[in-house]
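What follows is a single structure, written as structure tokens, with notes after it.
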Amino acid sequence: ALEVIVVSGAGTLESAISSMRQSGAFDYLPKPLDKVSDLSLAVERASEYRRIRLEREQLMAQVTAERERLRSVIAHAGDAILAADAEGVVIAANPAACHLLGQETLVGQDAWTRLPPPIAVLLAHWQAFEGQRPAVTEVPYPGDAVQMVSLTSIPRNEQEQGGGWVMVLRDIAFRLEPGRTLG
């Protein structure tokens with residue numbers, strides 16, 4: 001799409017507003033031009049605006065592609081990955097997390113009511129005492145399992161939005177098949 005600069009002898013405020021709104025014109029210059037440099041400056045501004053707009057579109061496409069790659073990695077990870085916002089509402093959960101917690105879906109739900117008690121207690125202690133520092137610990141889990149739990153905070157952005165935490169759970173219990181022994 002090209003940037004349009006309207007140069008018109010009908011230099012009324014109404015025609016300028018109409019050109020900008022209806023035609024999507026970038027700029028409006030009334031005739032006669034005071035200086036040719038006015039037109040040159042308008043063309044430079046339009047060119048810079050177009051360059052910035054195209055660069056933004058390219059960056060947005062890169063962000064979208066990276067987001068999709070990250071979603072794919074998380075979805076196919078063997079470890080359970082769960083993220084919640086500052087209020088404890090689940091904002092991301094991979095299939096392994098849904099399976100581990102016995103839920104069809106977790107996104108949009110309160111993490112505190114969905115986590116088993118040992119994990120919820122660990123999370124509460126981490127938030128109360130560790131603050132923003134990453135932590136890794138082992139937690140007994142139902143069914144003779146042991147989960148290695150990694151917790152890290154999601155930093156807030158400049159507008160004080162975001163925050164929350166990410167949890168990765170990995171079953172680290174060593175199990176022998178029935179009838180087998182070590183050695």
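Convention: chains lettered A, B, ... in structure tokens order; per-chain residue numbering from 1; ligands numbered from 1 as shown.
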
- request: Check chain A with DSSP on the backbone and list each residue it calls helix (DSSP H, G or I), as a PyMOL selection string.
  value: chain A and resi 13-22+36-76+95-100+111-114+117-130

- request: State, in Å with one decimal place, the distance from CA of Ile52 (chain A) to CA of Leu29 (chain A).
  value: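 Atom-to-atom, CA of Ile52 (chain A) and CA of Leu29 (chain A) are spaced 22.2 Å apart.
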
query: Contacts of region 73-87 of chain A at 7 Å or less, counting only C-alpha atoms, minus same-chain residues fewer than 6 places along, as a list in words?
result: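 With the cut-off at 7 Å, the set is Ala93, Asn94, Pro95, Ala96, Ala97, Gly162, Gly163, Gly164, Trp165, Val166, Met167, Val168, Leu169 and Arg170 of chain A.
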
field: Which of chain A fall in strand (DSSP E or B), as an MDAnalysis selection string
entry: chainID A and resid 5:8 27:30 80:84 89:93 110 135:141 145:153 156 162 165:171

- prompt: Within 12 Å of Thr12 (chain A), counting only C-alpha atoms, which residues qualify if same-chain residues fewer than 4 places away don't, as an MDAnalysis selection string?
  reply: chainID A and resid 7:8 16:19 28:31

Please produce an output containing N, CA and C atoms for each residue in the selection, written as a JSON list (two decimals), in the first residue's frame.
[["chain", "number", "residue", "atom", "x", "y", "z"],
["A", 7, "VAL", "N", -2.66, 17.06, -2.51],
["A", 7, "VAL", "CA", -2.34, 18.47, -2.73],
["A", 7, "VAL", "C", -3.55, 19.04, -3.46],
["A", 8, "SER", "N", -4.22, 20.01, -2.82],
["A", 8, "SER", "CA", -5.48, 20.50, -3.39],
["A", 8, "SER", "C", -5.57, 22.01, -3.29],
["A", 16, "ALA", "N", -9.77, 18.80, 3.85],
["A", 16, "ALA", "CA", -8.61, 18.13, 4.43],
["A", 16, "ALA", "C", -9.04, 16.95, 5.29],
["A", 17, "ILE", "N", -10.05, 17.18, 6.14],
["A", 17, "ILE", "CA", -10.55, 16.10, 7.01],
["A", 17, "ILE", "C", -11.14, 14.99, 6.17],
["A", 18, "SER", "N", -11.90, 15.33, 5.15],
["A", 18, "SER", "CA", -12.50, 14.33, 4.27],
["A", 18, "SER", "C", -11.43, 13.49, 3.57],
["A", 19, "SER", "N", -10.39, 14.14, 3.07],
["A", 19, "SER", "CA", -9.30, 13.41, 2.40],
["A", 19, "SER", "C", -8.61, 12.44, 3.35],
["A", 28, "TYR", "N", -2.11, 16.16, 3.94],
["A", 28, "TYR", "CA", -2.88, 17.07, 3.10],
["A", 28, "TYR", "C", -2.13, 18.39, 3.03],
["A", 29, "LEU", "N", -1.86, 18.84, 1.83],
["A", 29, "LEU", "CA", -1.17, 20.12, 1.64],
["A", 29, "LEU", "C", -2.06, 21.02, 0.77],
["A", 30, "PRO", "N", -2.32, 22.24, 1.25],
["A", 30, "PRO", "CA", -3.13, 23.15, 0.44],
["A", 30, "PRO", "C", -2.29, 23.85, -0.64],
["A", 31, "LYS", "N", -2.95, 24.11, -1.79],
["A", 31, "LYS", "CA", -2.30, 24.88, -2.86],
["A", 31, "LYS", "C", -2.59, 26.35, -2.62]]

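Nearest residue to Ala46 (chain A) among A:Gln127, A:Val136, A:Glu3, A:Leu115 is A:Glu3, counting only C-alpha atoms.
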
field: Among listed residues A:Glu44, A:Leu100, A:Arg133, A:Ala120, nearest Ala145 (chain A) (using only C-alpha atoms)
entry: A:Leu100

message: Which residue is closest to Ala25 (chain A)? Choose from A:Met148, A:Val6, A:Arg53, A:Leu70 and count only C-alpha atoms.
response: A:Val6
